[in-house]
Amino acid sequence: MIALAVAAIAGLLGPLGGAPSAHAEDGNPTYYLGANNGYDYINFINDIRNRVNDGGSTSVPNAGSGYNVDHTGGGGFIRVDIHMWGNPNFVRLQLRRSDLYLVGWWTGGSTYNYLGNRNGAGPSNGASHGEWQCPFGEGYGDIENTAGQGRTGLAIDRDTVNGAVWNLWNASNPRDMARGVLMMTQFISEAARFRPLRDEIALTMNGNSTLYLPGEYADQENSWSPLSAAFNGLLRQPPGTRDNTPMTGWGRIEPWTGRPQRIILDTAVAYAQYVLGTSLRR
């Protein structure tokens with residue numbers, strides 16, 4: 001079965017050497033691995049957050065101007081470009097604006113590889129070799145099973161992110177594609193959702209450290225919807241309102257313990273300053 005799947009992929013993708021017809025100067029959020037640093041990465045993620053925002057206010061009373069929270073809710077898709085390290089090639093990925101899901105990407109052979117239901121995977125403009133449905137869906141269960149790798153302990157640094165981009169560019173087998181997708185969900189989607197993950201990855205993009213994704217962060221990712229709902233509920237109350245049954249969140253990694261800081265999310269300010277970068281809807 002695996003051999004047949006790989007053969008089918010090879011036949012559909014065609015030559016791996018052809019470059020996508022689009023260029024990274026199209027105005028998409030763009031990150032250059034190796035050349036860009038952590039500061040550039042934060043700006044890159046903030047650009048993505050801005051583009052998925054529903055157009056409403058991002059301010060959180062009393063949180064401070066540096067702690068705005070975006071809200072998804074708009075229709076359509078955005079495209080994001082990641083350049084390989086020391087190479088002119090790049091991979092273009094497509095995200096759904098309504099929930100920041102990674103739904104597809106353009107391979108080096110100019111094929112649009114999409115995850116899950118085609119109706120939810122966006123337009124494939126520029127895919128001169130057509131479209132191909134991945135043998136795994138857009139949910140973590142499918143992705144992790146195919147990758148043979150979970151999120152907890154995932155090593156994130158410039159080298160591993162670069163390897164993931166090449167896996168997507170080559171699209172040579174389901175396992176490597178799933179590993180590439182798994183890395184990009186952290187590097188792009190989850191970093192846009194969660195402020196501490198963005199900031200921890202930014203440190204690794206300076207080239208002197210590796211982030212091993214904490215299990216607390218993976219659990220927090222699974223709770224984005226209820227965390228967003230609780231935050232949005234607090235925003236609808238007078239400033240300073242406290243949640244009598246607060247959720248627990250996980251902030252930056254503490255240098256003295258090596259584990260994420262445990263946060264009691266009893267106010268909208270706590271969500272904004274410690275956990276959320278983007279909320280699911282309002």
# chains A, B, ... in the order shown; residues from 1 in each chain; ligands from 1
$ closest_atom_pairs --of "stretch 100-139 of chain A" --to "stretch 187-193 of chain A" --cutoff "12 Å" --atoms "only C-alpha atoms" --output "tab-separated table"
residue	atom	partner	partner_atom	distance
A:Leu100	CA	A:Ser189	CA	5.6
A:Tyr101	CA	A:Ser189	CA	6.6
A:Leu102	CA	A:Ser189	CA	7.0
A:Val103	CA	A:Ser189	CA	10.7
$ write_last_selection --atoms "N, CA and C atoms" --output "short mmCIF file (atom, residue, chain, number, x, y, z; two decimals), in the first residue's frame"
data_model
loop_
_atom_site.label_atom_id
_atom_site.label_comp_id
_atom_site.auth_asym_id
_atom_site.auth_seq_id
_atom_site.Cartn_x
_atom_site.Cartn_y
_atom_site.Cartn_z
N LEU A 100 -6.80 29.80 10.76
CA LEU A 100 -5.34 29.68 10.67
C LEU A 100 -4.86 28.27 10.34
N TYR A 101 -5.75 27.41 9.85
CA TYR A 101 -5.32 26.06 9.48
C TYR A 101 -4.44 26.11 8.23
N LEU A 102 -3.35 25.34 8.24
CA LEU A 102 -2.56 25.11 7.05
C LEU A 102 -3.31 24.10 6.19
N VAL A 103 -3.72 24.52 4.99
CA VAL A 103 -4.58 23.65 4.17
C VAL A 103 -3.90 23.17 2.89
#
$ residues_around --residues "A:Ala230" --least-positions-apart "3" --cutoff "12 Å" --atoms "only C-alpha atoms" --output "VMD selection string"
chain A and resid 223 to 227 233 to 237 241 to 249 265 to 268 270 to 271 276 279 to 282
$ closest_residue --among "A:Pro239, A:Pro123, A:Gly277, A:Gly73" --to "A:Gly251" --atoms "only C-alpha atoms"
A:Gly277
$ closest_residue --among "A:Arg158, A:Arg97, A:His129, A:Arg252" --to "A:Pro196" --atoms "only C-alpha atoms"
A:Arg252
$ closest_residue --among "A:Pro29, A:Gly104, A:Gly120, A:Pro174" --to "A:Phe136" --atoms "only C-alpha atoms"
A:Pro174
$ closest_residue --among "A:Ile82, A:Asp70, A:Arg96, A:Ala171" --to "A:Phe231" --atoms "only C-alpha atoms"
A:Asp70
$ select_by_dssp --residues "stretch 19-266 of chain A" --states "helix (DSSP H, G or I)" --output "number ranges by chain"
A: 38-52, 118-120, 140-147, 158-170, 174-193, 195-204, 215-222, 224-235
$ atom_distance --atom1 "atom CA of A:Val60" --atom2 "atom CA of A:Ile264"
17.3 Å
$ select_by_dssp --residues "stretch 6-254 of chain A" --states "strand (DSSP E)" --output "JSON, numbers by chain"
{"A": [30, 31, 32, 70, 71, 77, 78, 79, 80, 81, 82, 83, 90, 91, 92, 93, 94, 95, 96, 102, 103, 104, 105, 106, 112, 113, 114, 131, 132, 133, 155, 156, 211, 212, 247, 248, 249, 250, 251, 252, 253]}
$ write_last_selection --atoms "C-alpha atoms" --output "PDB file, in the first residue's frame"
ATOM      1  CA  THR A  30       7.815  36.077   3.802  1.00  0.00           C
ATOM      2  CA  TYR A  31      10.579  34.622   5.955  1.00  0.00           C
ATOM      3  CA  TYR A  32      14.154  33.964   4.780  1.00  0.00           C
ATOM      4  CA  ASP A  70      -6.244  39.574  16.730  1.00  0.00           C
ATOM      5  CA  HIS A  71      -9.480  37.724  15.990  1.00  0.00           C
ATOM      6  CA  PHE A  77      -7.145  32.420   2.466  1.00  0.00           C
ATOM      7  CA  ILE A  78      -3.687  33.924   2.806  1.00  0.00           C
ATOM      8  CA  ARG A  79      -0.400  32.714   1.366  1.00  0.00           C
ATOM      9  CA  VAL A  80       2.922  32.613   3.166  1.00  0.00           C
ATOM     10  CA  ASP A  81       6.395  32.144   1.666  1.00  0.00           C
ATOM     11  CA  ILE A  82       9.329  30.451   3.426  1.00  0.00           C
ATOM     12  CA  HIS A  83      12.723  30.685   1.693  1.00  0.00           C
ATOM     13  CA  PHE A  90      10.937  28.857  -1.473  1.00  0.00           C
ATOM     14  CA  VAL A  91       7.759  27.053  -0.519  1.00  0.00           C
ATOM     15  CA  ARG A  92       4.413  28.810  -0.636  1.00  0.00           C
ATOM     16  CA  LEU A  93       1.833  27.672   1.902  1.00  0.00           C
ATOM     17  CA  GLN A  94      -1.875  28.437   2.102  1.00  0.00           C
ATOM     18  CA  LEU A  95      -3.693  29.204   5.365  1.00  0.00           C
ATOM     19  CA  ARG A  96      -7.421  29.524   5.960  1.00  0.00           C
ATOM     20  CA  LEU A 102      -2.559  25.110   7.046  1.00  0.00           C
ATOM     21  CA  VAL A 103      -4.577  23.654   4.167  1.00  0.00           C
ATOM     22  CA  GLY A 104      -2.027  23.212   1.372  1.00  0.00           C
ATOM     23  CA  TRP A 105       1.231  24.193  -0.308  1.00  0.00           C
ATOM     24  CA  TRP A 106       2.866  24.437  -3.721  1.00  0.00           C
ATOM     25  CA  TYR A 112      -0.770  22.190  -5.200  1.00  0.00           C
ATOM     26  CA  ASN A 113      -0.836  19.576  -2.432  1.00  0.00           C
ATOM     27  CA  TYR A 114      -3.879  20.019  -0.227  1.00  0.00           C
ATOM     28  CA  GLU A 131      -3.618  19.450  -7.620  1.00  0.00           C
ATOM     29  CA  TRP A 132      -3.072  16.426  -5.402  1.00  0.00           C
ATOM     30  CA  GLN A 133      -4.788  15.385  -2.168  1.00  0.00           C
ATOM     31  CA  ALA A 155      12.975  20.071  17.791  1.00  0.00           C
ATOM     32  CA  ILE A 156      12.536  23.529  16.289  1.00  0.00           C
ATOM     33  CA  LEU A 211      13.306  24.671  21.120  1.00  0.00           C
ATOM     34  CA  TYR A 212      12.003  21.252  22.097  1.00  0.00           C
ATOM     35  CA  MET A 247      -8.660  28.331  32.703  1.00  0.00           C
ATOM     36  CA  THR A 248      -4.949  27.581  33.003  1.00  0.00           C
ATOM     37  CA  GLY A 249      -2.509  28.695  30.335  1.00  0.00           C
ATOM     38  CA  TRP A 250       1.195  28.285  29.657  1.00  0.00           C
ATOM     39  CA  GLY A 251       3.515  31.217  29.078  1.00  0.00           C
ATOM     40  CA  ARG A 252       7.216  31.572  28.309  1.00  0.00           C
ATOM     41  CA  ILE A 253       9.681  28.872  29.326  1.00  0.00           C
TER      42      ILE A 253
END
$ closest_residue --among "A:Cys134, A:Gly150, A:Ala272, A:Ile201" --to "A:Asn173" --atoms "only C-alpha atoms"
A:Cys134
$ atom_distance --atom1 "atom CA of A:Asn117" --atom2 "atom CA of A:Gly137"
8.0 Å
$ closest_residue --among "A:Thr210, A:Gln186, A:Gln273, A:Asn119" --to "A:Asn62" --atoms "only C-alpha atoms"
A:Gln273
$ atom_distance --atom1 "atom CA of A:Pro61" --atom2 "atom CA of A:Phe44"
25.0 Å
$ decode --residues "stretch 61-102 of chain A" --atoms "N, CA and C atoms" --output "PDB file, in the first residue's frame"
ATOM      1  N   PRO A  61      -8.377  46.283  26.814  1.00  0.00           N
ATOM      2  CA  PRO A  61      -8.258  47.333  27.829  1.00  0.00           C
ATOM      3  C   PRO A  61      -7.290  46.965  28.950  1.00  0.00           C
ATOM      4  N   ASN A  62      -6.371  47.896  29.213  1.00  0.00           N
ATOM      5  CA  ASN A  62      -5.396  47.801  30.314  1.00  0.00           C
ATOM      6  C   ASN A  62      -4.252  46.820  30.051  1.00  0.00           C
ATOM      7  N   ALA A  63      -4.223  46.186  28.872  1.00  0.00           N
ATOM      8  CA  ALA A  63      -3.143  45.233  28.589  1.00  0.00           C
ATOM      9  C   ALA A  63      -1.886  45.924  28.093  1.00  0.00           C
ATOM     10  N   GLY A  64      -2.027  47.096  27.504  1.00  0.00           N
ATOM     11  CA  GLY A  64      -0.880  47.780  26.932  1.00  0.00           C
ATOM     12  C   GLY A  64      -0.851  47.629  25.421  1.00  0.00           C
ATOM     13  N   SER A  65      -0.250  48.605  24.751  1.00  0.00           N
ATOM     14  CA  SER A  65      -0.280  48.631  23.285  1.00  0.00           C
ATOM     15  C   SER A  65       0.483  47.477  22.654  1.00  0.00           C
ATOM     16  N   GLY A  66       1.416  46.883  23.373  1.00  0.00           N
ATOM     17  CA  GLY A  66       2.189  45.775  22.816  1.00  0.00           C
ATOM     18  C   GLY A  66       1.517  44.428  22.959  1.00  0.00           C
ATOM     19  N   TYR A  67       0.298  44.415  23.476  1.00  0.00           N
ATOM     20  CA  TYR A  67      -0.378  43.144  23.749  1.00  0.00           C
ATOM     21  C   TYR A  67      -1.763  43.088  23.113  1.00  0.00           C
ATOM     22  N   ASN A  68      -1.835  43.494  21.862  1.00  0.00           N
ATOM     23  CA  ASN A  68      -3.078  43.368  21.118  1.00  0.00           C
ATOM     24  C   ASN A  68      -3.343  41.904  20.799  1.00  0.00           C
ATOM     25  N   VAL A  69      -4.600  41.551  20.649  1.00  0.00           N
ATOM     26  CA  VAL A  69      -4.991  40.196  20.256  1.00  0.00           C
ATOM     27  C   VAL A  69      -5.861  40.295  19.012  1.00  0.00           C
ATOM     28  N   ASP A  70      -5.451  39.612  17.956  1.00  0.00           N
ATOM     29  CA  ASP A  70      -6.244  39.574  16.730  1.00  0.00           C
ATOM     30  C   ASP A  70      -7.354  38.541  16.866  1.00  0.00           C
ATOM     31  N   HIS A  71      -8.348  38.655  15.986  1.00  0.00           N
ATOM     32  CA  HIS A  71      -9.480  37.724  15.990  1.00  0.00           C
ATOM     33  C   HIS A  71      -9.707  37.223  14.569  1.00  0.00           C
ATOM     34  N   THR A  72      -9.750  35.906  14.391  1.00  0.00           N
ATOM     35  CA  THR A  72     -10.096  35.363  13.082  1.00  0.00           C
ATOM     36  C   THR A  72     -11.596  35.536  12.857  1.00  0.00           C
ATOM     37  N   GLY A  73     -12.036  35.211  11.659  1.00  0.00           N
ATOM     38  CA  GLY A  73     -13.463  35.307  11.382  1.00  0.00           C
ATOM     39  C   GLY A  73     -13.765  35.655   9.946  1.00  0.00           C
ATOM     40  N   GLY A  74     -12.776  36.175   9.229  1.00  0.00           N
ATOM     41  CA  GLY A  74     -12.996  36.507   7.835  1.00  0.00           C
ATOM     42  C   GLY A  74     -12.946  35.277   6.951  1.00  0.00           C
ATOM     43  N   GLY A  75     -13.445  35.417   5.742  1.00  0.00           N
ATOM     44  CA  GLY A  75     -13.379  34.329   4.781  1.00  0.00           C
ATOM     45  C   GLY A  75     -12.104  34.388   3.966  1.00  0.00           C
ATOM     46  N   GLY A  76     -11.919  33.412   3.106  1.00  0.00           N
ATOM     47  CA  GLY A  76     -10.785  33.406   2.203  1.00  0.00           C
ATOM     48  C   GLY A  76      -9.533  32.794   2.801  1.00  0.00           C
ATOM     49  N   PHE A  77      -8.413  33.067   2.143  1.00  0.00           N
ATOM     50  CA  PHE A  77      -7.145  32.420   2.466  1.00  0.00           C
ATOM     51  C   PHE A  77      -6.015  33.436   2.356  1.00  0.00           C
ATOM     52  N   ILE A  78      -4.904  33.145   3.011  1.00  0.00           N
ATOM     53  CA  ILE A  78      -3.687  33.924   2.806  1.00  0.00           C
ATOM     54  C   ILE A  78      -2.565  32.965   2.432  1.00  0.00           C
ATOM     55  N   ARG A  79      -1.559  33.508   1.764  1.00  0.00           N
ATOM     56  CA  ARG A  79      -0.400  32.714   1.366  1.00  0.00           C
ATOM     57  C   ARG A  79       0.845  33.235   2.061  1.00  0.00           C
ATOM     58  N   VAL A  80       1.715  32.316   2.395  1.00  0.00           N
ATOM     59  CA  VAL A  80       2.922  32.613   3.166  1.00  0.00           C
ATOM     60  C   VAL A  80       4.104  31.955   2.468  1.00  0.00           C
ATOM     61  N   ASP A  81       5.210  32.671   2.343  1.00  0.00           N
ATOM     62  CA  ASP A  81       6.395  32.144   1.666  1.00  0.00           C
ATOM     63  C   ASP A  81       7.543  31.945   2.652  1.00  0.00           C
ATOM     64  N   ILE A  82       8.149  30.753   2.611  1.00  0.00           N
ATOM     65  CA  ILE A  82       9.329  30.451   3.426  1.00  0.00           C
ATOM     66  C   ILE A  82      10.479  30.111   2.487  1.00  0.00           C
ATOM     67  N   HIS A  83      11.551  30.912   2.534  1.00  0.00           N
ATOM     68  CA  HIS A  83      12.723  30.685   1.693  1.00  0.00           C
ATOM     69  C   HIS A  83      13.687  29.710   2.363  1.00  0.00           C
ATOM     70  N   MET A  84      14.229  28.798   1.559  1.00  0.00           N
ATOM     71  CA  MET A  84      15.236  27.885   2.075  1.00  0.00           C
ATOM     72  C   MET A  84      16.501  28.645   2.470  1.00  0.00           C
ATOM     73  N   TRP A  85      17.260  28.034   3.331  1.00  0.00           N
ATOM     74  CA  TRP A  85      18.516  28.604   3.809  1.00  0.00           C
ATOM     75  C   TRP A  85      19.578  28.457   2.719  1.00  0.00           C
ATOM     76  N   GLY A  86      20.149  29.573   2.290  1.00  0.00           N
ATOM     77  CA  GLY A  86      21.220  29.540   1.305  1.00  0.00           C
ATOM     78  C   GLY A  86      20.800  29.029  -0.052  1.00  0.00           C
ATOM     79  N   ASN A  87      19.531  29.208  -0.407  1.00  0.00           N
ATOM     80  CA  ASN A  87      19.014  28.699  -1.671  1.00  0.00           C
ATOM     81  C   ASN A  87      17.918  29.646  -2.145  1.00  0.00           C
ATOM     82  N   PRO A  88      17.837  29.914  -3.452  1.00  0.00           N
ATOM     83  CA  PRO A  88      16.825  30.859  -3.940  1.00  0.00           C
ATOM     84  C   PRO A  88      15.404  30.311  -3.936  1.00  0.00           C
ATOM     85  N   ASN A  89      15.241  29.001  -3.743  1.00  0.00           N
ATOM     86  CA  ASN A  89      13.901  28.418  -3.783  1.00  0.00           C
ATOM     87  C   ASN A  89      13.113  28.740  -2.515  1.00  0.00           C
ATOM     88  N   PHE A  90      11.814  28.644  -2.616  1.00  0.00           N
ATOM     89  CA  PHE A  90      10.937  28.857  -1.473  1.00  0.00           C
ATOM     90  C   PHE A  90       9.698  27.993  -1.626  1.00  0.00           C
ATOM     91  N   VAL A  91       9.029  27.770  -0.508  1.00  0.00           N
ATOM     92  CA  VAL A  91       7.759  27.053  -0.519  1.00  0.00           C
ATOM     93  C   VAL A  91       6.657  28.031  -0.142  1.00  0.00           C
ATOM     94  N   ARG A  92       5.592  27.982  -0.912  1.00  0.00           N
ATOM     95  CA  ARG A  92       4.413  28.810  -0.636  1.00  0.00           C
ATOM     96  C   ARG A  92       3.346  27.944   0.016  1.00  0.00           C
ATOM     97  N   LEU A  93       2.853  28.403   1.159  1.00  0.00           N
ATOM     98  CA  LEU A  93       1.833  27.672   1.902  1.00  0.00           C
ATOM     99  C   LEU A  93       0.543  28.481   1.942  1.00  0.00           C
ATOM    100  N   GLN A  94      -0.574  27.775   2.055  1.00  0.00           N
ATOM    101  CA  GLN A  94      -1.875  28.437   2.102  1.00  0.00           C
ATOM    102  C   GLN A  94      -2.547  28.184   3.456  1.00  0.00           C
ATOM    103  N   LEU A  95      -3.013  29.269   4.074  1.00  0.00           N
ATOM    104  CA  LEU A  95      -3.693  29.204   5.365  1.00  0.00           C
ATOM    105  C   LEU A  95      -5.124  29.701   5.210  1.00  0.00           C
ATOM    106  N   ARG A  96      -6.034  29.084   5.936  1.00  0.00           N
ATOM    107  CA  ARG A  96      -7.421  29.524   5.960  1.00  0.00           C
ATOM    108  C   ARG A  96      -7.566  30.655   6.981  1.00  0.00           C
ATOM    109  N   ARG A  97      -8.117  31.771   6.566  1.00  0.00           N
ATOM    110  CA  ARG A  97      -8.206  32.939   7.446  1.00  0.00           C
ATOM    111  C   ARG A  97      -9.130  32.706   8.635  1.00  0.00           C
ATOM    112  N   SER A  98     -10.136  31.875   8.472  1.00  0.00           N
ATOM    113  CA  SER A  98     -11.133  31.711   9.533  1.00  0.00           C
ATOM    114  C   SER A  98     -10.595  30.997  10.764  1.00  0.00           C
ATOM    115  N   ASP A  99      -9.523  30.192  10.594  1.00  0.00           N
ATOM    116  CA  ASP A  99      -9.021  29.417  11.737  1.00  0.00           C
ATOM    117  C   ASP A  99      -7.512  29.181  11.724  1.00  0.00           C
ATOM    118  N   LEU A 100      -6.799  29.796  10.764  1.00  0.00           N
ATOM    119  CA  LEU A 100      -5.340  29.677  10.673  1.00  0.00           C
ATOM    120  C   LEU A 100      -4.858  28.265  10.343  1.00  0.00           C
ATOM    121  N   TYR A 101      -5.748  27.411   9.854  1.00  0.00           N
ATOM    122  CA  TYR A 101      -5.322  26.062   9.477  1.00  0.00           C
ATOM    123  C   TYR A 101      -4.440  26.114   8.233  1.00  0.00           C
ATOM    124  N   LEU A 102      -3.354  25.339   8.243  1.00  0.00           N
ATOM    125  CA  LEU A 102      -2.559  25.110   7.046  1.00  0.00           C
ATOM    126  C   LEU A 102      -3.313  24.104   6.189  1.00  0.00           C
TER     127      LEU A 102
END
